[in-house]
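One file, model_1.cif, is given below (mmCIF, C-alpha atoms; chains and numbers go by the auth columns).
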```cif
data_upload
loop_
_atom_site.group_PDB
_atom_site.id
_atom_site.type_symbol
_atom_site.label_atom_id
_atom_site.label_comp_id
_atom_site.label_asym_id
_atom_site.label_seq_id
_atom_site.Cartn_x
_atom_site.Cartn_y
_atom_site.Cartn_z
_atom_site.B_iso_or_equiv
_atom_site.auth_seq_id
_atom_site.auth_asym_id
ATOM 1 C CA MET A 1 13.194 -37.826 48.615 0.00 289 A
ATOM 2 C CA GLU A 2 11.657 -38.908 45.378 0.00 290 A
ATOM 3 C CA GLU A 3 13.133 -37.524 42.150 0.00 291 A
ATOM 4 C CA LYS A 4 11.049 -36.992 39.039 0.00 292 A
ATOM 5 C CA GLY A 5 12.473 -37.736 35.670 0.00 293 A
ATOM 6 C CA LYS A 6 12.525 -35.002 33.033 0.00 294 A
ATOM 7 C CA ILE A 7 11.058 -35.690 29.642 0.00 295 A
ATOM 8 C CA GLY A 8 11.409 -33.238 26.804 0.00 296 A
ATOM 9 C CA ALA A 9 12.520 -32.727 23.277 0.00 297 A
ATOM 10 C CA LYS A 10 14.184 -29.917 21.492 0.00 298 A
ATOM 11 C CA ILE A 11 12.897 -29.301 18.000 0.00 299 A
ATOM 12 C CA ASP A 12 14.632 -26.948 15.620 0.00 300 A
ATOM 13 C CA VAL A 13 12.503 -25.854 12.712 0.00 301 A
ATOM 14 C CA GLU A 14 13.756 -24.044 9.631 0.00 302 A
ATOM 15 C CA VAL A 15 11.484 -22.784 6.916 0.00 303 A
ATOM 16 C CA GLU A 16 13.050 -22.390 3.546 0.00 304 A
ATOM 17 C CA ARG A 17 11.465 -20.160 0.990 0.00 305 A
ATOM 18 C CA PRO A 18 12.650 -19.818 -2.553 0.00 306 A
ATOM 19 C CA ALA A 19 14.107 -16.471 -3.458 0.00 307 A
ATOM 20 C CA LYS A 20 11.599 -14.147 -5.058 0.00 308 A
ATOM 21 C CA LEU A 21 12.275 -14.463 -8.733 0.00 309 A
ATOM 22 C CA ASP A 22 9.315 -12.615 -10.124 0.00 310 A
ATOM 23 C CA SER A 23 9.442 -8.888 -10.556 0.00 311 A
ATOM 24 C CA GLY A 24 7.417 -6.174 -12.103 0.00 312 A
ATOM 25 C CA VAL A 25 8.046 -2.851 -13.714 0.00 313 A
ATOM 26 C CA CYS A 26 6.204 0.291 -12.708 0.00 314 A
ATOM 27 C CA ILE A 27 6.009 2.835 -15.516 0.00 315 A
ATOM 28 C CA LYS A 28 4.332 6.051 -14.504 0.00 316 A
ATOM 29 C CA SER A 29 4.204 9.788 -14.957 0.00 317 A
ATOM 30 C CA LYS A 30 4.249 12.427 -12.247 0.00 318 A
ATOM 31 C CA TRP A 31 2.955 15.883 -13.082 0.00 319 A
ATOM 32 C CA ASP A 32 3.861 18.981 -11.063 0.00 320 A
ATOM 33 C CA TRP A 33 1.543 21.864 -11.911 0.00 321 A
ATOM 34 C CA GLU A 34 2.049 25.495 -10.874 0.00 322 A
ATOM 35 C CA CYS A 35 -0.151 28.496 -11.665 0.00 323 A
ATOM 36 C CA TYR A 36 1.187 32.043 -11.437 0.00 324 A
ATOM 37 C CA ARG A 37 -0.850 35.241 -11.515 0.00 325 A
ATOM 38 C CA ASN A 38 0.984 38.549 -11.687 0.00 326 A
ATOM 39 C CA GLY A 39 4.216 36.711 -10.916 0.00 327 A
ATOM 40 C CA LYS A 40 2.911 35.156 -7.690 0.00 328 A
ATOM 41 C CA LEU A 41 2.249 31.468 -7.152 0.00 329 A
ATOM 42 C CA LEU A 42 -1.540 31.038 -7.016 0.00 330 A
ATOM 43 C CA TRP A 43 -1.696 27.251 -6.604 0.00 331 A
ATOM 44 C CA LYS A 44 0.261 24.080 -7.225 0.00 332 A
ATOM 45 C CA GLU A 45 -0.597 20.413 -7.410 0.00 333 A
ATOM 46 C CA THR A 46 1.315 17.159 -7.897 0.00 334 A
ATOM 47 C CA ILE A 47 -0.454 14.248 -9.569 0.00 335 A
ATOM 48 C CA GLU A 48 0.581 10.767 -10.632 0.00 336 A
ATOM 49 C CA ASN A 49 -1.454 9.495 -13.505 0.00 337 A
ATOM 50 C CA ILE A 50 -1.739 6.849 -16.167 0.00 338 A
ATOM 51 C CA VAL A 51 0.476 5.888 -19.039 0.00 339 A
ATOM 52 C CA THR A 52 -1.779 4.794 -21.891 0.00 340 A
ATOM 53 C CA ASN A 53 -1.679 1.402 -23.586 0.00 341 A
ATOM 54 C CA GLN A 54 -0.672 3.225 -26.751 0.00 342 A
ATOM 55 C CA GLY A 55 2.224 4.843 -24.893 0.00 343 A
ATOM 56 C CA LEU A 56 3.379 1.525 -23.427 0.00 344 A
ATOM 57 C CA ASN A 57 3.212 -0.175 -26.835 0.00 345 A
ATOM 58 C CA ARG A 58 5.229 2.647 -28.389 0.00 346 A
ATOM 59 C CA LEU A 59 7.822 2.341 -25.632 0.00 347 A
ATOM 60 C CA LEU A 60 8.189 -1.416 -26.194 0.00 348 A
ATOM 61 C CA ASP A 61 8.203 -1.137 -29.995 0.00 349 A
ATOM 62 C CA THR A 62 10.838 1.578 -30.043 0.00 350 A
ATOM 63 C CA MET A 63 13.056 -0.266 -27.592 0.00 351 A
ATOM 64 C CA PHE A 64 12.692 -3.913 -28.619 0.00 352 A
ATOM 65 C CA TYR A 65 10.901 -4.382 -31.931 0.00 353 A
ATOM 66 C CA ALA A 66 13.233 -5.143 -34.813 0.00 354 A
ATOM 67 C CA GLY A 67 10.763 -3.680 -37.301 0.00 355 A
ATOM 68 C CA SER A 68 10.536 -0.146 -38.592 0.00 356 A
ATOM 69 C CA THR A 69 9.332 1.674 -35.475 0.00 357 A
ATOM 70 C CA THR A 70 10.598 5.243 -35.660 0.00 358 A
ATOM 71 C CA GLN A 71 11.482 7.046 -32.467 0.00 359 A
ATOM 72 C CA ILE A 72 9.406 10.118 -31.645 0.00 360 A
ATOM 73 C CA THR A 73 12.006 12.786 -31.000 0.00 361 A
ATOM 74 C CA THR A 74 9.778 15.683 -29.909 0.00 362 A
ATOM 75 C CA TRP A 75 6.986 15.462 -27.359 0.00 363 A
ATOM 76 C CA TYR A 76 4.370 18.096 -26.565 0.00 364 A
ATOM 77 C CA VAL A 77 2.294 19.008 -23.536 0.00 365 A
ATOM 78 C CA CYS A 78 -1.331 19.935 -24.152 0.00 366 A
ATOM 79 C CA LEU A 79 -4.180 21.038 -21.879 0.00 367 A
ATOM 80 C CA PHE A 80 -7.776 19.853 -21.761 0.00 368 A
ATOM 81 C CA GLU A 81 -10.870 21.767 -20.717 0.00 369 A
ATOM 82 C CA ASP A 82 -13.529 19.190 -19.959 0.00 370 A
ATOM 83 C CA ASN A 83 -14.186 17.012 -16.944 0.00 371 A
ATOM 84 C CA TYR A 84 -12.740 13.862 -18.487 0.00 372 A
ATOM 85 C CA THR A 85 -11.014 11.084 -16.566 0.00 373 A
ATOM 86 C CA PRO A 86 -8.070 9.706 -18.594 0.00 374 A
ATOM 87 C CA LEU A 87 -8.262 6.046 -19.568 0.00 375 A
ATOM 88 C CA SER A 88 -5.529 3.585 -20.476 0.00 376 A
ATOM 89 C CA THR A 89 -7.347 3.009 -23.783 0.00 377 A
ATOM 90 C CA ASN A 90 -7.150 6.651 -24.912 0.00 378 A
ATOM 91 C CA THR A 91 -5.102 7.275 -28.054 0.00 379 A
ATOM 92 C CA TYR A 92 -3.710 10.229 -29.975 0.00 380 A
ATOM 93 C CA ALA A 93 -6.476 9.890 -32.574 0.00 381 A
ATOM 94 C CA VAL A 94 -9.195 9.453 -29.929 0.00 382 A
ATOM 95 C CA PRO A 95 -7.915 11.188 -26.772 0.00 383 A
ATOM 96 C CA GLY A 96 -11.298 11.307 -25.053 0.00 384 A
ATOM 97 C CA TYR A 97 -10.870 14.884 -23.785 0.00 385 A
ATOM 98 C CA ASP A 98 -11.584 18.286 -25.369 0.00 386 A
ATOM 99 C CA GLU A 99 -8.249 20.018 -25.833 0.00 387 A
ATOM 100 C CA CYS A 100 -7.789 23.718 -25.158 0.00 388 A
ATOM 101 C CA ASP A 101 -7.287 25.614 -28.419 0.00 389 A
ATOM 102 C CA SER A 102 -5.337 28.606 -29.714 0.00 390 A
ATOM 103 C CA ALA A 103 -7.922 31.007 -28.241 0.00 391 A
ATOM 104 C CA ASP A 104 -7.102 29.765 -24.735 0.00 392 A
ATOM 105 C CA TYR A 105 -3.315 30.243 -24.573 0.00 393 A
ATOM 106 C CA SER A 106 -0.576 31.793 -26.666 0.00 394 A
ATOM 107 C CA GLY A 107 1.366 29.715 -29.143 0.00 395 A
ATOM 108 C CA THR A 108 0.995 26.011 -29.835 0.00 396 A
ATOM 109 C CA ARG A 109 1.307 22.912 -27.677 0.00 397 A
ATOM 110 C CA LYS A 110 4.413 23.291 -25.512 0.00 398 A
ATOM 111 C CA THR A 111 7.535 21.219 -26.110 0.00 399 A
ATOM 112 C CA TRP A 112 8.513 18.778 -23.371 0.00 400 A
ATOM 113 C CA THR A 113 12.300 19.043 -23.125 0.00 401 A
ATOM 114 C CA PRO A 114 13.953 16.545 -20.761 0.00 402 A
ATOM 115 C CA ASN A 115 16.902 17.778 -18.690 0.00 403 A
ATOM 116 C CA ALA A 116 19.149 14.905 -19.775 0.00 404 A
ATOM 117 C CA ALA A 117 19.188 11.196 -20.519 0.00 405 A
ATOM 118 C CA ALA A 118 17.512 8.971 -17.949 0.00 406 A
ATOM 119 C CA SER A 119 19.161 8.713 -14.538 0.00 407 A
ATOM 120 C CA SER A 120 17.947 6.612 -11.596 0.00 408 A
ATOM 121 C CA GLN A 121 15.245 5.256 -13.908 0.00 409 A
ATOM 122 C CA GLN A 122 13.606 8.613 -14.533 0.00 410 A
ATOM 123 C CA MET A 123 13.738 11.734 -16.658 0.00 411 A
ATOM 124 C CA SER A 124 12.135 15.128 -16.171 0.00 412 A
ATOM 125 C CA ASN A 125 11.787 18.557 -17.744 0.00 413 A
ATOM 126 C CA SER A 126 12.228 20.360 -14.397 0.00 414 A
ATOM 127 C CA ASN A 127 14.930 22.633 -15.856 0.00 415 A
ATOM 128 C CA SER A 128 12.721 23.644 -18.780 0.00 416 A
ATOM 129 C CA LYS A 129 9.103 23.566 -17.638 0.00 417 A
ATOM 130 C CA ALA A 130 6.353 23.671 -20.249 0.00 418 A
ATOM 131 C CA GLU A 131 4.763 27.128 -19.874 0.00 419 A
ATOM 132 C CA PHE A 132 1.293 28.133 -20.988 0.00 420 A
ATOM 133 C CA THR A 133 0.380 31.825 -20.913 0.00 421 A
ATOM 134 C CA MET A 134 -3.390 31.940 -20.833 0.00 422 A
ATOM 135 C CA THR A 135 -5.205 34.381 -23.122 0.00 423 A
ATOM 136 C CA GLY A 136 -8.742 33.674 -21.990 0.00 424 A
ATOM 137 C CA THR A 137 -10.845 32.811 -18.980 0.00 425 A
ATOM 138 C CA LEU A 138 -11.632 29.122 -18.756 0.00 426 A
ATOM 139 C CA THR A 139 -11.586 26.019 -16.579 0.00 427 A
ATOM 140 C CA VAL A 140 -8.722 23.579 -17.052 0.00 428 A
ATOM 141 C CA TYR A 141 -9.005 19.945 -15.964 0.00 429 A
ATOM 142 C CA GLY A 142 -5.611 18.520 -16.876 0.00 430 A
ATOM 143 C CA GLY A 143 -3.144 17.776 -19.632 0.00 431 A
ATOM 144 C CA ALA A 144 -1.486 15.128 -21.773 0.00 432 A
ATOM 145 C CA LEU A 145 1.911 14.313 -23.276 0.00 433 A
ATOM 146 C CA VAL A 146 1.721 13.622 -27.015 0.00 434 A
ATOM 147 C CA GLY A 147 4.081 13.133 -29.927 0.00 435 A
ATOM 148 C CA ALA A 148 4.319 11.933 -33.518 0.00 436 A
ATOM 149 C CA THR A 149 6.913 11.173 -36.182 0.00 437 A
ATOM 150 C CA ALA A 150 5.461 13.525 -38.815 0.00 438 A
ATOM 151 C CA GLY A 151 2.602 15.928 -39.369 0.00 439 A
ATOM 152 C CA THR A 152 1.644 18.728 -36.989 0.00 440 A
ATOM 153 C CA PRO A 153 1.697 17.289 -33.464 0.00 441 A
ATOM 154 C CA GLN A 154 2.496 20.766 -32.092 0.00 442 A
ATOM 155 C CA THR A 155 -0.912 22.077 -33.213 0.00 443 A
ATOM 156 C CA GLN A 156 -3.721 22.169 -30.655 0.00 444 A
ATOM 157 C CA GLY A 157 -6.447 19.677 -31.463 0.00 445 A
ATOM 158 C CA ASP A 158 -4.400 17.694 -33.991 0.00 446 A
ATOM 159 C CA THR A 159 -5.429 14.017 -33.994 0.00 447 A
ATOM 160 C CA ALA A 160 -4.065 12.951 -37.395 0.00 448 A
ATOM 161 C CA ALA A 161 -0.265 13.245 -37.153 0.00 449 A
ATOM 162 C CA THR A 162 1.767 10.284 -38.434 0.00 450 A
ATOM 163 C CA ASN A 163 2.349 7.676 -35.723 0.00 451 A
ATOM 164 C CA GLY A 164 0.667 10.011 -33.234 0.00 452 A
ATOM 165 C CA THR A 165 1.016 8.755 -29.666 0.00 453 A
ATOM 166 C CA LEU A 166 -0.731 9.824 -26.495 0.00 454 A
ATOM 167 C CA TYR A 167 1.838 8.712 -23.931 0.00 455 A
ATOM 168 C CA CYS A 168 0.233 9.806 -20.664 0.00 456 A
ATOM 169 C CA SER A 169 -2.420 12.054 -19.180 0.00 457 A
ATOM 170 C CA SER A 170 -2.943 13.996 -15.966 0.00 458 A
ATOM 171 C CA LYS A 171 -6.193 15.151 -14.372 0.00 459 A
ATOM 172 C CA PHE A 172 -6.417 17.608 -11.486 0.00 460 A
ATOM 173 C CA SER A 173 -8.087 16.508 -8.261 0.00 461 A
ATOM 174 C CA THR A 174 -10.454 19.439 -8.844 0.00 462 A
ATOM 175 C CA SER A 175 -10.839 21.705 -11.858 0.00 463 A
ATOM 176 C CA LYS A 176 -8.779 24.907 -12.018 0.00 464 A
ATOM 177 C CA ALA A 177 -10.105 28.272 -13.132 0.00 465 A
ATOM 178 C CA VAL A 178 -7.597 30.411 -15.020 0.00 466 A
ATOM 179 C CA VAL A 179 -7.836 33.928 -16.444 0.00 467 A
ATOM 180 C CA ASN A 180 -6.077 35.956 -19.104 0.00 468 A
ATOM 181 C CA GLY A 181 -2.423 36.410 -18.138 0.00 469 A
ATOM 182 C CA ASP A 182 -2.154 33.394 -15.827 0.00 470 A
ATOM 183 C CA VAL A 183 0.897 31.234 -16.474 0.00 471 A
ATOM 184 C CA LEU A 184 0.690 27.459 -16.046 0.00 472 A
ATOM 185 C CA LYS A 185 4.060 25.750 -15.581 0.00 473 A
ATOM 186 C CA VAL A 186 4.182 21.985 -16.021 0.00 474 A
ATOM 187 C CA THR A 187 6.931 19.579 -14.975 0.00 475 A
ATOM 188 C CA ILE A 188 6.496 15.983 -16.104 0.00 476 A
ATOM 189 C CA THR A 189 8.692 13.255 -14.630 0.00 477 A
ATOM 190 C CA LEU A 190 8.644 9.908 -16.414 0.00 478 A
ATOM 191 C CA THR A 191 9.652 6.894 -14.353 0.00 479 A
ATOM 192 C CA ALA A 192 10.333 3.219 -15.075 0.00 480 A
ATOM 193 C CA GLN A 193 11.295 1.180 -11.996 0.00 481 A
ATOM 194 C CA ASP A 194 11.611 -2.487 -11.109 0.00 482 A
ATOM 195 C CA VAL A 195 9.262 -3.273 -8.231 0.00 483 A
#
```
What would the structure in this file look like if it were written as structure tokens?
Amino acid sequence: MEEKGKIGAKIDVEVERPAKLDSGVCIKSKWDWECYRNGKLLWKETIENIVTNQGLNRLLDTMFYAGSTTQITTWYVCLFEDNYTPLSTNTYAVPGYDECDSADYSGTRKTWTPNAAASSQQMSNSNSKAEFTMTGTLTVYGGALVGATAGTPQTQGDTAATNGTLYCSSKFSTSKAVVNGDVLKVTITLTAQDV
């Protein structure tokens, strides 16, 4: 009987890849909107939206710049009533949208009060939602988070406060009609995560 020789080779291959050293940071805002009519939830919507260039610059300047950047200690939520899509280039002085005014809801812009210092790279006002009690019938398209170091940043329509900053904006997927007596409750969660 004839035997055949066996020819073969065993090749072990290892691919080495360098560890991923690059990283990025995702800074965003998440807005939870609720609308109540006669004490009953009428609708709710959750939206993630942009943080403006002005907001990002303010964040970096306050945290890292050794100059005279003053921290904004009070932030306000405002509403807008036109079909405007927020842009990263919007600013406090030129927000791009038409803000709702004192004829549309009671009081001034609503204070955004975070629950506590940042935890797990986020902070939220979920324990103290910004509440708008509507005094007229109108269509609302979204809102913004604004602040300043001096002036009247709590006043609807103000665009001239000292160091005014438009941090972020939120636009509904579709416009929302509200009537006198409706209550809009807004929770804004700010997040900064390594990705």
Practice item. Step by step: start from the point (-8.4, 8.9, -20.7) in the file's coordinates, keep every protein, DNA or RNA residue that has an atom no farther than 12 Å from it, count all atoms listed in the file, and write the set as a PyMOL selection string. Key: chain A and resi 337-342+368+370-380+382-386+430-433+454-459
Exercise for review: For CA of Phe352 (chain A) and CA of Gly452 (chain A), determine how far apart the two atoms are, in Å to one decimal place.
Suggested key: 19.0 Å
Point to revise | Reference answer for the PyMOL selection byres ((chain A and resi 448) around 12), as a PyMOL selection string | key: chain A and resi 379-383+434-447+449-454
Exercise for review: Evaluate the PyMOL selection byres ((chain A and resi 334) around 6) here and jot the selected residues down as a PyMOL selection string.
Suggested key: chain A and resi 319-320+333+335
Point to revise | Answer key for the PyMOL selection byres ((chain A and resi 400) around 6), residues as an MDAnalysis selection string | key: chainID A and resid 363:364 399 401
Write out as AutoDock Vina command-line options an axis-aligned box for region 470-475 of chain A: all of its atoms listed in the file, 5 Å added on each side, centre and edge lengths in Å with one decimal.
```
--center_x 2.4 --center_y 26.5 --center_z -15.7 --size_x 19.1 --size_y 23.8 --size_z 11.5
```
Could you write region 466-482 of chain A as a compact mmCIF listing (two decimals), in the coordinates of the input, with N, CA and C atoms rebuilt where they are missing?
```txt
# COMPACT_ATOMS: atom_id res chain seq x y z
N VAL A 466 -8.70 29.53 -14.64
CA VAL A 466 -7.60 30.41 -15.02
C VAL A 466 -8.16 31.61 -15.77
N VAL A 467 -7.41 32.71 -15.76
CA VAL A 467 -7.84 33.93 -16.44
C VAL A 467 -6.72 34.41 -17.35
N ASN A 468 -7.04 35.36 -18.19
CA ASN A 468 -6.08 35.96 -19.10
C ASN A 468 -4.84 36.42 -18.33
N GLY A 469 -3.67 36.01 -18.78
CA GLY A 469 -2.42 36.41 -18.14
C GLY A 469 -1.86 35.40 -17.16
N ASP A 470 -2.68 34.45 -16.70
CA ASP A 470 -2.15 33.39 -15.83
C ASP A 470 -1.12 32.56 -16.59
N VAL A 471 -0.12 32.08 -15.86
CA VAL A 471 0.90 31.23 -16.47
C VAL A 471 0.88 29.87 -15.78
N LEU A 472 0.63 28.83 -16.55
CA LEU A 472 0.69 27.46 -16.05
C LEU A 472 2.06 26.89 -16.38
N LYS A 473 2.76 26.38 -15.37
CA LYS A 473 4.06 25.75 -15.58
C LYS A 473 3.92 24.27 -15.24
N VAL A 474 4.39 23.42 -16.16
CA VAL A 474 4.18 21.98 -16.02
C VAL A 474 5.51 21.24 -16.06
N THR A 475 5.77 20.47 -15.02
CA THR A 475 6.93 19.58 -14.98
C THR A 475 6.41 18.15 -15.03
N ILE A 476 6.91 17.38 -15.99
CA ILE A 476 6.50 15.98 -16.10
C ILE A 476 7.73 15.10 -15.87
N THR A 477 7.62 14.20 -14.92
CA THR A 477 8.69 13.26 -14.63
C THR A 477 8.22 11.87 -15.04
N LEU A 478 8.96 11.25 -15.95
CA LEU A 478 8.64 9.91 -16.41
C LEU A 478 9.53 8.91 -15.68
N THR A 479 8.92 7.85 -15.18
CA THR A 479 9.65 6.89 -14.35
C THR A 479 9.39 5.47 -14.83
N ALA A 480 10.45 4.65 -14.81
CA ALA A 480 10.33 3.22 -15.08
C ALA A 480 11.20 2.51 -14.03
N GLN A 481 10.56 1.80 -13.10
CA GLN A 481 11.30 1.18 -12.00
C GLN A 481 10.89 -0.27 -11.82
N ASP A 482 11.86 -1.10 -11.46
CA ASP A 482 11.61 -2.49 -11.11
C ASP A 482 11.02 -2.52 -9.70
```
